[in-house]
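Next comes upload29.pdb, a file with PDB, C-alpha atoms, pLDDT in the B column.
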```
ATOM      1  CA  MET O   1     -32.867  60.457  -2.450  1.00 49.00           C
ATOM      2  CA  LYS O   2     -34.404  57.828  -0.238  1.00 55.00           C
ATOM      3  CA  ASP O   3     -32.854  54.423   0.091  1.00 61.00           C
ATOM      4  CA  LEU O   4     -33.992  51.900  -2.462  1.00 59.00           C
ATOM      5  CA  SER O   5     -36.691  49.652  -1.074  1.00 67.00           C
ATOM      6  CA  ARG O   6     -36.714  45.953  -1.785  1.00 64.00           C
ATOM      7  CA  ARG O   7     -39.580  46.513  -4.221  1.00 65.00           C
ATOM      8  CA  ASP O   8     -37.613  49.147  -6.161  1.00 62.00           C
ATOM      9  CA  VAL O   9     -34.649  46.866  -6.499  1.00 59.00           C
ATOM     10  CA  LEU O  10     -36.834  44.073  -7.836  1.00 58.00           C
ATOM     11  CA  ALA O  11     -38.422  46.466 -10.319  1.00 61.00           C
ATOM     12  CA  LEU O  12     -34.998  47.600 -11.482  1.00 56.00           C
ATOM     13  CA  GLY O  13     -33.966  44.001 -11.939  1.00 57.00           C
ATOM     14  CA  THR O  14     -36.973  43.286 -14.122  1.00 55.00           C
ATOM     15  CA  THR O  15     -36.288  46.340 -16.264  1.00 53.00           C
ATOM     16  CA  ALA O  16     -32.683  45.304 -16.712  1.00 52.00           C
ATOM     17  CA  ALA O  17     -33.769  41.791 -17.680  1.00 51.00           C
ATOM     18  CA  ALA O  18     -36.269  43.182 -20.171  1.00 49.00           C
ATOM     19  CA  ALA O  19     -33.601  45.459 -21.631  1.00 48.00           C
ATOM     20  CA  ALA O  20     -31.261  42.497 -22.028  1.00 47.00           C
ATOM     21  CA  LEU O  21     -34.002  40.631 -23.877  1.00 46.00           C
ATOM     22  CA  PHE O  22     -34.411  43.553 -26.247  1.00 48.00           C
ATOM     23  CA  VAL O  23     -30.710  43.854 -26.941  1.00 46.00           C
ATOM     24  CA  ASN O  24     -30.338  40.278 -28.169  1.00 47.00           C
ATOM     25  CA  PRO O  25     -32.651  40.407 -31.186  1.00 45.00           C
ATOM     26  CA  LEU O  26     -30.971  43.639 -32.249  1.00 43.00           C
ATOM     27  CA  ALA O  27     -27.557  41.998 -32.193  1.00 46.00           C
ATOM     28  CA  ALA O  28     -28.884  39.128 -34.296  1.00 47.00           C
ATOM     29  CA  HIS O  29     -30.275  41.644 -36.739  1.00 47.00           C
ATOM     30  CA  ALA O  30     -26.901  43.327 -37.172  1.00 48.00           C
ATOM     31  CA  GLU O  31     -25.377  40.019 -38.202  1.00 51.00           C
ATOM     32  CA  THR O  32     -27.938  39.374 -40.880  1.00 72.00           C
ATOM     33  CA  ASP O  33     -27.101  42.843 -42.198  1.00 83.00           C
ATOM     34  CA  LEU O  34     -23.505  41.683 -42.588  1.00 86.00           C
ATOM     35  CA  ALA O  35     -24.754  38.714 -44.588  1.00 89.00           C
ATOM     36  CA  LYS O  36     -26.982  40.980 -46.670  1.00 90.00           C
ATOM     37  CA  ASP O  37     -24.044  43.245 -47.498  1.00 90.00           C
ATOM     38  CA  LEU O  38     -22.053  40.237 -48.562  1.00 92.00           C
ATOM     39  CA  ILE O  39     -24.843  38.994 -50.851  1.00 93.00           C
ATOM     40  CA  LYS O  40     -25.092  42.479 -52.333  1.00 93.00           C
ATOM     41  CA  LYS O  41     -21.359  42.542 -52.985  1.00 93.00           C
ATOM     42  CA  PHE O  42     -21.554  39.131 -54.645  1.00 95.00           C
ATOM     43  CA  THR O  43     -24.552  39.911 -56.878  1.00 94.00           C
ATOM     44  CA  GLY O  44     -23.556  43.512 -57.581  1.00 93.00           C
ATOM     45  CA  GLY O  45     -26.931  44.677 -56.274  1.00 90.00           C
ATOM     46  CA  LYS O  46     -28.968  42.314 -58.484  1.00 92.00           C
ATOM     47  CA  ASN O  47     -31.832  40.337 -57.040  1.00 91.00           C
ATOM     48  CA  ALA O  48     -31.216  36.705 -56.314  1.00 91.00           C
ATOM     49  CA  ALA O  49     -34.235  34.490 -57.006  1.00 91.00           C
ATOM     50  CA  GLU O  50     -35.087  31.637 -54.665  1.00 91.00           C
ATOM     51  CA  GLY O  51     -34.620  28.113 -55.956  1.00 89.00           C
ATOM     52  CA  LYS O  52     -32.446  26.271 -58.507  1.00 94.00           C
ATOM     53  CA  ILE O  53     -29.866  25.749 -55.799  1.00 96.00           C
ATOM     54  CA  LYS O  54     -30.120  23.169 -53.050  1.00 96.00           C
ATOM     55  CA  LEU O  55     -28.041  23.338 -49.884  1.00 97.00           C
ATOM     56  CA  GLU O  56     -27.804  20.249 -47.747  1.00 96.00           C
ATOM     57  CA  MET O  57     -26.680  20.564 -44.165  1.00 96.00           C
ATOM     58  CA  PRO O  58     -27.561  18.694 -40.986  1.00 96.00           C
ATOM     59  CA  GLU O  59     -30.525  20.071 -39.058  1.00 94.00           C
ATOM     60  CA  ILE O  60     -28.585  19.792 -35.820  1.00 94.00           C
ATOM     61  CA  ALA O  61     -24.807  20.083 -35.661  1.00 93.00           C
ATOM     62  CA  GLU O  62     -23.375  18.788 -32.423  1.00 89.00           C
ATOM     63  CA  ASN O  63     -19.938  20.166 -33.122  1.00 91.00           C
ATOM     64  CA  GLY O  64     -19.761  23.578 -34.770  1.00 92.00           C
ATOM     65  CA  ASN O  65     -16.118  22.991 -35.660  1.00 93.00           C
ATOM     66  CA  THR O  66     -16.866  20.718 -38.588  1.00 94.00           C
ATOM     67  CA  VAL O  67     -20.329  20.887 -40.074  1.00 95.00           C
ATOM     68  CA  PRO O  68     -20.726  19.071 -43.383  1.00 96.00           C
ATOM     69  CA  LEU O  69     -22.191  21.094 -46.215  1.00 96.00           C
ATOM     70  CA  SER O  70     -23.139  20.054 -49.699  1.00 97.00           C
ATOM     71  CA  PHE O  71     -24.870  21.939 -52.498  1.00 97.00           C
ATOM     72  CA  THR O  72     -26.202  21.277 -55.985  1.00 97.00           C
ATOM     73  CA  VAL O  73     -27.229  23.811 -58.608  1.00 97.00           C
ATOM     74  CA  GLU O  74     -29.562  22.782 -61.425  1.00 95.00           C
ATOM     75  CA  SER O  75     -27.641  23.449 -64.615  1.00 94.00           C
ATOM     76  CA  PRO O  76     -26.788  21.582 -67.836  1.00 94.00           C
ATOM     77  CA  MET O  77     -23.138  22.698 -67.346  1.00 95.00           C
ATOM     78  CA  THR O  78     -22.436  23.265 -71.040  1.00 94.00           C
ATOM     79  CA  LYS O  79     -20.089  25.891 -72.498  1.00 93.00           C
ATOM     80  CA  LYS O  80     -23.008  28.292 -72.946  1.00 93.00           C
ATOM     81  CA  ASP O  81     -24.985  27.575 -69.805  1.00 95.00           C
ATOM     82  CA  TYR O  82     -23.109  26.789 -66.626  1.00 96.00           C
ATOM     83  CA  VAL O  83     -22.725  27.825 -63.013  1.00 97.00           C
ATOM     84  CA  LYS O  84     -19.889  30.283 -62.506  1.00 96.00           C
ATOM     85  CA  ARG O  85     -19.637  30.710 -58.760  1.00 96.00           C
ATOM     86  CA  VAL O  86     -21.350  29.743 -55.547  1.00 97.00           C
ATOM     87  CA  ILE O  87     -20.794  31.673 -52.330  1.00 97.00           C
ATOM     88  CA  ILE O  88     -21.564  30.269 -48.889  1.00 97.00           C
ATOM     89  CA  ILE O  89     -22.463  32.772 -46.165  1.00 96.00           C
ATOM     90  CA  ALA O  90     -22.988  32.228 -42.441  1.00 95.00           C
ATOM     91  CA  GLY O  91     -24.486  35.438 -41.054  1.00 90.00           C
ATOM     92  CA  GLY O  92     -24.138  34.346 -37.433  1.00 91.00           C
ATOM     93  CA  ASN O  93     -20.382  33.819 -37.595  1.00 92.00           C
ATOM     94  CA  PRO O  94     -17.915  36.531 -36.515  1.00 90.00           C
ATOM     95  CA  ARG O  95     -16.988  36.760 -40.205  1.00 91.00           C
ATOM     96  CA  PRO O  96     -19.897  35.739 -42.406  1.00 93.00           C
ATOM     97  CA  GLU O  97     -17.959  34.695 -45.511  1.00 94.00           C
ATOM     98  CA  VAL O  98     -17.288  30.948 -45.625  1.00 96.00           C
ATOM     99  CA  ALA O  99     -16.025  30.190 -49.115  1.00 97.00           C
ATOM    100  CA  THR O 100     -16.552  30.848 -52.810  1.00 97.00           C
ATOM    101  CA  PHE O 101     -16.641  27.851 -55.149  1.00 97.00           C
ATOM    102  CA  ASN O 102     -15.701  28.525 -58.777  1.00 97.00           C
ATOM    103  CA  PHE O 103     -16.977  26.108 -61.411  1.00 97.00           C
ATOM    104  CA  SER O 104     -16.359  25.757 -65.126  1.00 94.00           C
ATOM    105  CA  HIS O 105     -18.276  23.954 -67.862  1.00 93.00           C
ATOM    106  CA  LEU O 106     -15.749  21.142 -67.421  1.00 93.00           C
ATOM    107  CA  SER O 107     -17.134  20.433 -63.952  1.00 93.00           C
ATOM    108  CA  GLY O 108     -19.917  18.261 -65.389  1.00 92.00           C
ATOM    109  CA  VAL O 109     -22.277  18.967 -62.525  1.00 95.00           C
ATOM    110  CA  ALA O 110     -22.460  22.010 -60.262  1.00 96.00           C
ATOM    111  CA  LYS O 111     -22.140  20.065 -57.070  1.00 96.00           C
ATOM    112  CA  ALA O 112     -19.610  20.249 -54.257  1.00 97.00           C
ATOM    113  CA  SER O 113     -19.168  19.328 -50.613  1.00 97.00           C
ATOM    114  CA  SER O 114     -16.976  20.614 -47.828  1.00 97.00           C
ATOM    115  CA  ARG O 115     -16.928  21.154 -44.082  1.00 96.00           C
ATOM    116  CA  MET O 116     -17.407  24.443 -42.311  1.00 96.00           C
ATOM    117  CA  ARG O 117     -17.387  26.129 -38.915  1.00 95.00           C
ATOM    118  CA  LEU O 118     -20.515  27.544 -37.308  1.00 95.00           C
ATOM    119  CA  ALA O 119     -20.311  29.757 -34.219  1.00 93.00           C
ATOM    120  CA  LYS O 120     -23.963  29.263 -33.231  1.00 92.00           C
ATOM    121  CA  THR O 121     -27.436  28.323 -34.452  1.00 94.00           C
ATOM    122  CA  GLN O 122     -28.112  30.288 -37.611  1.00 94.00           C
ATOM    123  CA  ASN O 123     -29.193  30.340 -41.236  1.00 94.00           C
ATOM    124  CA  VAL O 124     -26.589  29.363 -43.788  1.00 95.00           C
ATOM    125  CA  ILE O 125     -27.057  31.025 -47.166  1.00 95.00           C
ATOM    126  CA  ALA O 126     -25.849  29.862 -50.583  1.00 96.00           C
ATOM    127  CA  VAL O 127     -25.947  32.134 -53.624  1.00 96.00           C
ATOM    128  CA  ALA O 128     -25.117  30.929 -57.143  1.00 97.00           C
ATOM    129  CA  GLU O 129     -24.095  33.013 -60.134  1.00 96.00           C
ATOM    130  CA  LEU O 130     -24.972  31.507 -63.518  1.00 96.00           C
ATOM    131  CA  SER O 131     -23.212  32.205 -66.805  1.00 95.00           C
ATOM    132  CA  ASP O 132     -26.275  34.136 -68.057  1.00 93.00           C
ATOM    133  CA  GLY O 133     -25.757  36.647 -65.246  1.00 94.00           C
ATOM    134  CA  SER O 134     -28.667  35.520 -63.078  1.00 95.00           C
ATOM    135  CA  PHE O 135     -28.405  34.797 -59.362  1.00 96.00           C
ATOM    136  CA  HIS O 136     -30.165  32.167 -57.305  1.00 96.00           C
ATOM    137  CA  MET O 137     -30.134  31.629 -53.587  1.00 95.00           C
ATOM    138  CA  THR O 138     -31.289  29.347 -50.810  1.00 95.00           C
ATOM    139  CA  LYS O 139     -30.859  29.114 -47.076  1.00 93.00           C
ATOM    140  CA  THR O 140     -31.121  26.471 -44.412  1.00 94.00           C
ATOM    141  CA  GLU O 141     -31.165  26.644 -40.635  1.00 94.00           C
ATOM    142  CA  VAL O 142     -28.601  24.688 -38.658  1.00 95.00           C
ATOM    143  CA  LYS O 143     -28.915  24.276 -34.906  1.00 94.00           C
ATOM    144  CA  VAL O 144     -25.505  24.258 -33.278  1.00 93.00           C
ATOM    145  CA  THR O 145     -24.924  22.605 -29.915  1.00 88.00           C
ATOM    146  CA  ILE O 146     -21.275  23.616 -29.414  1.00 79.00           C
ATOM    147  CA  GLY O 147     -19.977  26.614 -31.371  1.00 76.00           C
ATOM    148  CA  GLY O 148     -16.894  26.246 -33.504  1.00 70.00           C
ATOM    149  CA  CYS O 149     -15.155  29.586 -33.448  1.00 60.00           C
ATOM    150  CA  GLY O 150     -14.090  30.068 -29.836  1.00 55.00           C
ATOM    151  CA  GLY O 151     -10.672  29.443 -28.394  1.00 41.00           C
TER     152      GLY O 151
ATOM    153  CA  MET D   1       3.247  23.722 -37.459  1.00 51.00           C
ATOM    154  CA  ALA D   2       3.749  20.362 -39.043  1.00 57.00           C
ATOM    155  CA  LYS D   3       3.983  20.381 -42.789  1.00 77.00           C
ATOM    156  CA  SER D   4       0.618  20.006 -44.434  1.00 86.00           C
ATOM    157  CA  LYS D   5      -0.044  16.750 -46.192  1.00 91.00           C
ATOM    158  CA  PRO D   6      -2.418  16.752 -49.155  1.00 95.00           C
ATOM    159  CA  ARG D   7      -4.482  13.679 -49.944  1.00 96.00           C
ATOM    160  CA  VAL D   8      -6.501  13.026 -53.077  1.00 97.00           C
ATOM    161  CA  LYS D   9      -8.978  10.353 -54.039  1.00 96.00           C
ATOM    162  CA  ALA D  10      -9.552  10.546 -57.787  1.00 96.00           C
ATOM    163  CA  PRO D  11     -10.509   7.724 -60.158  1.00 96.00           C
ATOM    164  CA  LYS D  12      -7.772   6.236 -62.362  1.00 97.00           C
ATOM    165  CA  LYS D  13     -10.128   5.074 -65.108  1.00 96.00           C
ATOM    166  CA  ALA D  14     -13.384   6.329 -66.572  1.00 96.00           C
ATOM    167  CA  SER D  15     -15.566   5.916 -69.628  1.00 96.00           C
ATOM    168  CA  LYS D  16     -15.914   8.869 -71.979  1.00 95.00           C
ATOM    169  CA  GLY D  17     -18.725  11.144 -70.852  1.00 93.00           C
ATOM    170  CA  ASP D  18     -18.746   9.851 -67.280  1.00 94.00           C
ATOM    171  CA  ILE D  19     -18.954  12.333 -64.455  1.00 96.00           C
ATOM    172  CA  VAL D  20     -16.167  11.469 -62.058  1.00 96.00           C
ATOM    173  CA  THR D  21     -16.084  12.499 -58.412  1.00 97.00           C
ATOM    174  CA  ILE D  22     -12.898  13.714 -56.788  1.00 97.00           C
ATOM    175  CA  LYS D  23     -12.266  14.038 -53.061  1.00 97.00           C
ATOM    176  CA  THR D  24      -9.408  16.054 -51.610  1.00 97.00           C
ATOM    177  CA  LEU D  25      -8.185  16.712 -48.102  1.00 97.00           C
ATOM    178  CA  ILE D  26      -5.200  18.552 -46.724  1.00 96.00           C
ATOM    179  CA  SER D  27      -4.038  18.517 -43.121  1.00 95.00           C
ATOM    180  CA  HIS D  28      -4.006  22.139 -41.998  1.00 94.00           C
ATOM    181  CA  ILE D  29      -4.912  23.930 -38.783  1.00 93.00           C
ATOM    182  CA  MET D  30      -6.898  26.715 -40.554  1.00 94.00           C
ATOM    183  CA  GLU D  31      -6.158  29.226 -37.787  1.00 93.00           C
ATOM    184  CA  THR D  32      -8.963  31.806 -37.977  1.00 92.00           C
ATOM    185  CA  GLY D  33      -7.131  34.820 -36.579  1.00 91.00           C
ATOM    186  CA  LEU D  34      -9.974  35.262 -34.080  1.00 89.00           C
ATOM    187  CA  ARG D  35      -8.709  32.985 -31.325  1.00 90.00           C
ATOM    188  CA  LYS D  36      -6.679  34.283 -28.407  1.00 89.00           C
ATOM    189  CA  ASN D  37      -3.776  32.623 -26.719  1.00 88.00           C
ATOM    190  CA  LYS D  38      -5.254  31.888 -23.296  1.00 87.00           C
ATOM    191  CA  LYS D  39      -1.975  32.567 -21.435  1.00 89.00           C
ATOM    192  CA  THR D  40      -0.828  35.787 -23.085  1.00 90.00           C
ATOM    193  CA  GLY D  41      -4.217  37.130 -24.230  1.00 88.00           C
ATOM    194  CA  LYS D  42      -2.698  37.873 -27.628  1.00 92.00           C
ATOM    195  CA  ILE D  43      -4.573  37.037 -30.811  1.00 92.00           C
ATOM    196  CA  ILE D  44      -3.141  34.059 -32.657  1.00 92.00           C
ATOM    197  CA  PRO D  45      -2.433  35.315 -36.185  1.00 93.00           C
ATOM    198  CA  ARG D  46      -4.534  33.987 -39.035  1.00 93.00           C
ATOM    199  CA  GLN D  47      -3.064  31.172 -41.062  1.00 94.00           C
ATOM    200  CA  ILE D  48      -5.314  29.366 -43.469  1.00 95.00           C
ATOM    201  CA  ILE D  49      -5.274  27.731 -46.863  1.00 96.00           C
ATOM    202  CA  ASN D  50      -6.815  30.572 -48.871  1.00 96.00           C
ATOM    203  CA  LYS D  51      -7.031  28.980 -52.313  1.00 97.00           C
ATOM    204  CA  PHE D  52      -7.637  25.523 -53.702  1.00 97.00           C
ATOM    205  CA  GLN D  53      -7.431  24.777 -57.402  1.00 97.00           C
ATOM    206  CA  ALA D  54      -8.131  21.656 -59.397  1.00 97.00           C
ATOM    207  CA  LYS D  55      -6.735  21.545 -62.923  1.00 97.00           C
ATOM    208  CA  PHE D  56      -6.990  18.956 -65.649  1.00 97.00           C
ATOM    209  CA  GLU D  57      -4.352  19.099 -68.384  1.00 96.00           C
ATOM    210  CA  GLY D  58      -3.556  22.665 -67.252  1.00 95.00           C
ATOM    211  CA  THR D  59      -7.155  23.951 -67.426  1.00 95.00           C
ATOM    212  CA  GLU D  60      -8.939  24.876 -64.230  1.00 96.00           C
ATOM    213  CA  ILE D  61     -12.019  22.730 -63.645  1.00 96.00           C
ATOM    214  CA  PHE D  62     -12.841  23.807 -60.107  1.00 97.00           C
ATOM    215  CA  SER D  63     -11.457  26.156 -57.490  1.00 97.00           C
ATOM    216  CA  VAL D  64     -12.362  27.502 -54.078  1.00 97.00           C
ATOM    217  CA  ASP D  65     -11.556  30.776 -52.350  1.00 97.00           C
ATOM    218  CA  LEU D  66     -11.460  29.816 -48.695  1.00 96.00           C
ATOM    219  CA  ASP D  67     -12.272  31.993 -45.709  1.00 95.00           C
ATOM    220  CA  PRO D  68     -11.481  31.155 -42.065  1.00 94.00           C
ATOM    221  CA  ALA D  69     -14.938  29.568 -41.597  1.00 94.00           C
ATOM    222  CA  ILE D  70     -13.807  26.464 -43.484  1.00 96.00           C
ATOM    223  CA  SER D  71     -12.979  23.711 -40.975  1.00 95.00           C
ATOM    224  CA  ALA D  72      -9.485  22.562 -40.105  1.00 95.00           C
ATOM    225  CA  ASN D  73      -8.154  19.997 -42.580  1.00 95.00           C
ATOM    226  CA  PRO D  74     -10.172  21.429 -45.476  1.00 96.00           C
ATOM    227  CA  PHE D  75     -12.062  18.782 -47.415  1.00 97.00           C
ATOM    228  CA  PHE D  76     -13.597  19.212 -50.863  1.00 97.00           C
ATOM    229  CA  GLN D  77     -15.627  16.931 -53.032  1.00 97.00           C
ATOM    230  CA  PHE D  78     -16.431  17.933 -56.612  1.00 97.00           C
ATOM    231  CA  SER D  79     -16.881  16.527 -60.107  1.00 96.00           C
ATOM    232  CA  MET D  80     -15.537  16.572 -63.620  1.00 96.00           C
ATOM    233  CA  LYS D  81     -16.859  15.316 -66.918  1.00 95.00           C
ATOM    234  CA  ALA D  82     -14.357  12.803 -68.308  1.00 95.00           C
ATOM    235  CA  GLU D  83     -13.750  13.611 -71.991  1.00 94.00           C
ATOM    236  CA  LYS D  84     -10.130  12.563 -72.530  1.00 95.00           C
ATOM    237  CA  SER D  85      -7.215  10.980 -70.738  1.00 96.00           C
ATOM    238  CA  GLY D  86      -4.919  13.305 -68.889  1.00 97.00           C
ATOM    239  CA  GLU D  87      -3.521  14.452 -65.609  1.00 97.00           C
ATOM    240  CA  PHE D  88      -5.159  16.195 -62.682  1.00 97.00           C
ATOM    241  CA  GLU D  89      -3.230  18.730 -60.683  1.00 97.00           C
ATOM    242  CA  PHE D  90      -4.449  19.894 -57.296  1.00 97.00           C
ATOM    243  CA  ILE D  91      -2.946  23.015 -55.747  1.00 97.00           C
ATOM    244  CA  TRP D  92      -3.394  24.447 -52.245  1.00 97.00           C
ATOM    245  CA  THR D  93      -2.038  27.895 -51.306  1.00 97.00           C
ATOM    246  CA  ASP D  94      -1.259  28.827 -47.711  1.00 95.00           C
ATOM    247  CA  ASP D  95      -1.488  32.360 -46.235  1.00 95.00           C
ATOM    248  CA  ASN D  96       2.272  32.175 -45.617  1.00 93.00           C
ATOM    249  CA  GLY D  97       2.956  31.606 -49.310  1.00 93.00           C
ATOM    250  CA  ASP D  98       3.542  27.854 -49.133  1.00 94.00           C
ATOM    251  CA  VAL D  99       2.103  25.914 -52.048  1.00 96.00           C
ATOM    252  CA  TYR D 100       1.201  22.239 -51.853  1.00 96.00           C
ATOM    253  CA  SER D 101       0.340  20.197 -54.896  1.00 96.00           C
ATOM    254  CA  LYS D 102      -0.530  16.694 -55.920  1.00 96.00           C
ATOM    255  CA  LYS D 103      -1.018  15.027 -59.284  1.00 97.00           C
ATOM    256  CA  SER D 104      -3.154  12.127 -60.417  1.00 96.00           C
ATOM    257  CA  LYS D 105      -3.597  10.450 -63.826  1.00 97.00           C
ATOM    258  CA  LEU D 106      -6.917   9.592 -65.436  1.00 97.00           C
ATOM    259  CA  THR D 107      -7.335   7.190 -68.343  1.00 97.00           C
ATOM    260  CA  VAL D 108     -10.519   7.643 -70.357  1.00 96.00           C
ATOM    261  CA  SER D 109     -11.626   4.774 -72.580  1.00 91.00           C
TER     262      SER D 109
END
```

Output the structure of this file as structure tokens.
Amino acid sequence: MKDLSRRDVLALGTTAAAAALFVNPLAAHAETDLAKDLIKKFTGGKNAAEGKIKLEMPEIAENGNTVPLSFTVESPMTKKDYVKRVIIIAGGNPRPEVATFNFSHLSGVAKASSRMRLAKTQNVIAVAELSDGSFHMTKTEVKVTIGGCGG
Amino acid sequence: MAKSKPRVKAPKKASKGDIVTIKTLISHIMETGLRKNKKTGKIIPRQIINKFQAKFEGTEIFSVDLDPAISANPFFQFSMKAEKSGEFEFIWTDDNGDVYSKKSKLTVS
């Protein structure tokens, strides 16, 4: 085999760069699959409709170590009709599960706030389970400047 | 690790039917189990608060199952409909089995 010319080397470099570009979206895809599995586990395979739940998070989080999150689910919160559980999922984190909030009809309103970690820019998903067995979901994108999971 | 210190901000008084807001915070490192010790390269074992419960007169009103993605010093804000006077009890459970709790009284008029 002849020695690699300068042109060949450059061509190789471009191919490698292109390959790297292709790998990244695939990796991102795998993470959303993790989130999907988690939603499936939570809903037991049922479809979660969009809406009824509102997730408030900052558009840009400078520090991924503590990102405020707050959600509200539309519900009268009576003994017959209330929100049972809300799960928060961050598909771009090394482990996508964030927390599960359990409500009761004594809660008054289905509303809670906390602070979470985000490894990188990603969609955060919230899924609510109502007492009638229906599921509702929403998601919001948070841009993260400094990730919050590294050492 | 220093002993965790729970803090609670709950109203002392409310009118019947009011929706009261409660804020809780506990000092805790919430070690994810994903970080490595930079010197030894060994993974630092997970140690988090994995459960938070809020009870009123012994009945659970709100609880959270926490995963490592909750920030250090876990903070929660939530609500309750004030129907009668009674006592709140807030309980945090650590991975290592430690349980922290705090109580607060509410008078409903």

Test item: chain D residues at most 9 Å from chain O, counting all atoms listed in the file, as number ranges by chain: D: 18-20, 32, 34-38, 60-82

The PyMOL selection byres ((chain D and resi 91-104) around 6) resolved against shown file, as a ChimeraX atom specification: /D:47-53,87-90,105

Atomic separation - atom CA of D:Thr21 relative to atom CA of O:Ala128, Å: 20.6 Å

Hits from the PyMOL selection byres ((chain O and resi 48) around 10), listed as a VMD selection string: chain O and resid 39 to 40 43 45 to 47 49 to 51 127 to 129 134 to 138

Selection: 6 Å around D:Arg7, only C-alpha atoms, excl. self and same-chain fewer than 2 positions, as a list in words: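 The residues that qualify are Thr24, Leu25 and Ile26 of chain D.
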
One-decimal distance in Å that lies between atom CA of O:Thr78 and atom CA of O:Asp132: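 A separation of 11.9 Å between them.
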
Computed interatomic separation between atom CA of D:Ser27 and atom CA of O:Lys143 (Å): 26.8 Å

Answer key for the PyMOL selection byres ((chain D and resi 13) around 6), residues as a list in words: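 Matching residues under the PyMOL selection byres ((chain D and resi 13) around 6) are Pro11, Lys12, Ala14, Leu106, Thr107 and Val108 of chain D.
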
Would you please take stretch 57-68 of chain D of the structure in the block above and write N, CA, C and O atoms to a file as a CSV table (one decimal), in the first residue's frame?
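Output contents, as saved in part35.csv:
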```
chain,number,residue,atom,x,y,z
D,57,GLU,N,-52.3,15.0,61.2
D,57,GLU,CA,-53.1,14.2,62.1
D,57,GLU,C,-52.9,12.7,61.7
D,57,GLU,O,-53.9,11.9,61.7
D,58,GLY,N,-51.7,12.3,61.3
D,58,GLY,CA,-51.5,10.9,61.0
D,58,GLY,C,-51.8,10.4,59.6
D,58,GLY,O,-51.5,9.3,59.2
D,59,THR,N,-52.5,11.3,58.8
D,59,THR,CA,-52.9,10.9,57.4
D,59,THR,C,-51.9,11.6,56.5
D,59,THR,O,-51.7,12.8,56.6
D,60,GLU,N,-51.5,10.8,55.5
D,60,GLU,CA,-50.5,11.4,54.5
D,60,GLU,C,-51.3,12.3,53.6
D,60,GLU,O,-52.3,12.0,53.0
D,61,ILE,N,-50.7,13.5,53.5
D,61,ILE,CA,-51.3,14.5,52.5
D,61,ILE,C,-50.5,14.6,51.3
D,61,ILE,O,-51.0,14.9,50.2
D,62,PHE,N,-49.2,14.4,51.4
D,62,PHE,CA,-48.3,14.5,50.3
D,62,PHE,C,-47.0,13.7,50.6
D,62,PHE,O,-46.5,13.7,51.7
D,63,SER,N,-46.4,13.1,49.5
D,63,SER,CA,-45.2,12.5,49.7
D,63,SER,C,-44.4,12.5,48.4
D,63,SER,O,-45.0,12.7,47.3
D,64,VAL,N,-43.1,12.3,48.5
D,64,VAL,CA,-42.3,12.2,47.3
D,64,VAL,C,-41.3,11.1,47.4
D,64,VAL,O,-40.7,10.8,48.4
D,65,ASP,N,-41.2,10.3,46.2
D,65,ASP,CA,-40.1,9.3,46.1
D,65,ASP,C,-39.0,10.0,45.4
D,65,ASP,O,-39.2,10.4,44.2
D,66,LEU,N,-37.9,10.2,46.0
D,66,LEU,CA,-36.8,10.9,45.4
D,66,LEU,C,-35.8,10.0,44.7
D,66,LEU,O,-35.5,8.9,45.2
D,67,ASP,N,-35.3,10.5,43.6
D,67,ASP,CA,-34.2,9.8,42.9
D,67,ASP,C,-33.0,10.8,43.0
D,67,ASP,O,-33.1,11.9,43.3
D,68,PRO,N,-31.8,10.2,42.6
D,68,PRO,CA,-30.6,11.1,42.8
D,68,PRO,C,-30.6,12.4,42.0
D,68,PRO,O,-29.8,13.3,42.2
```
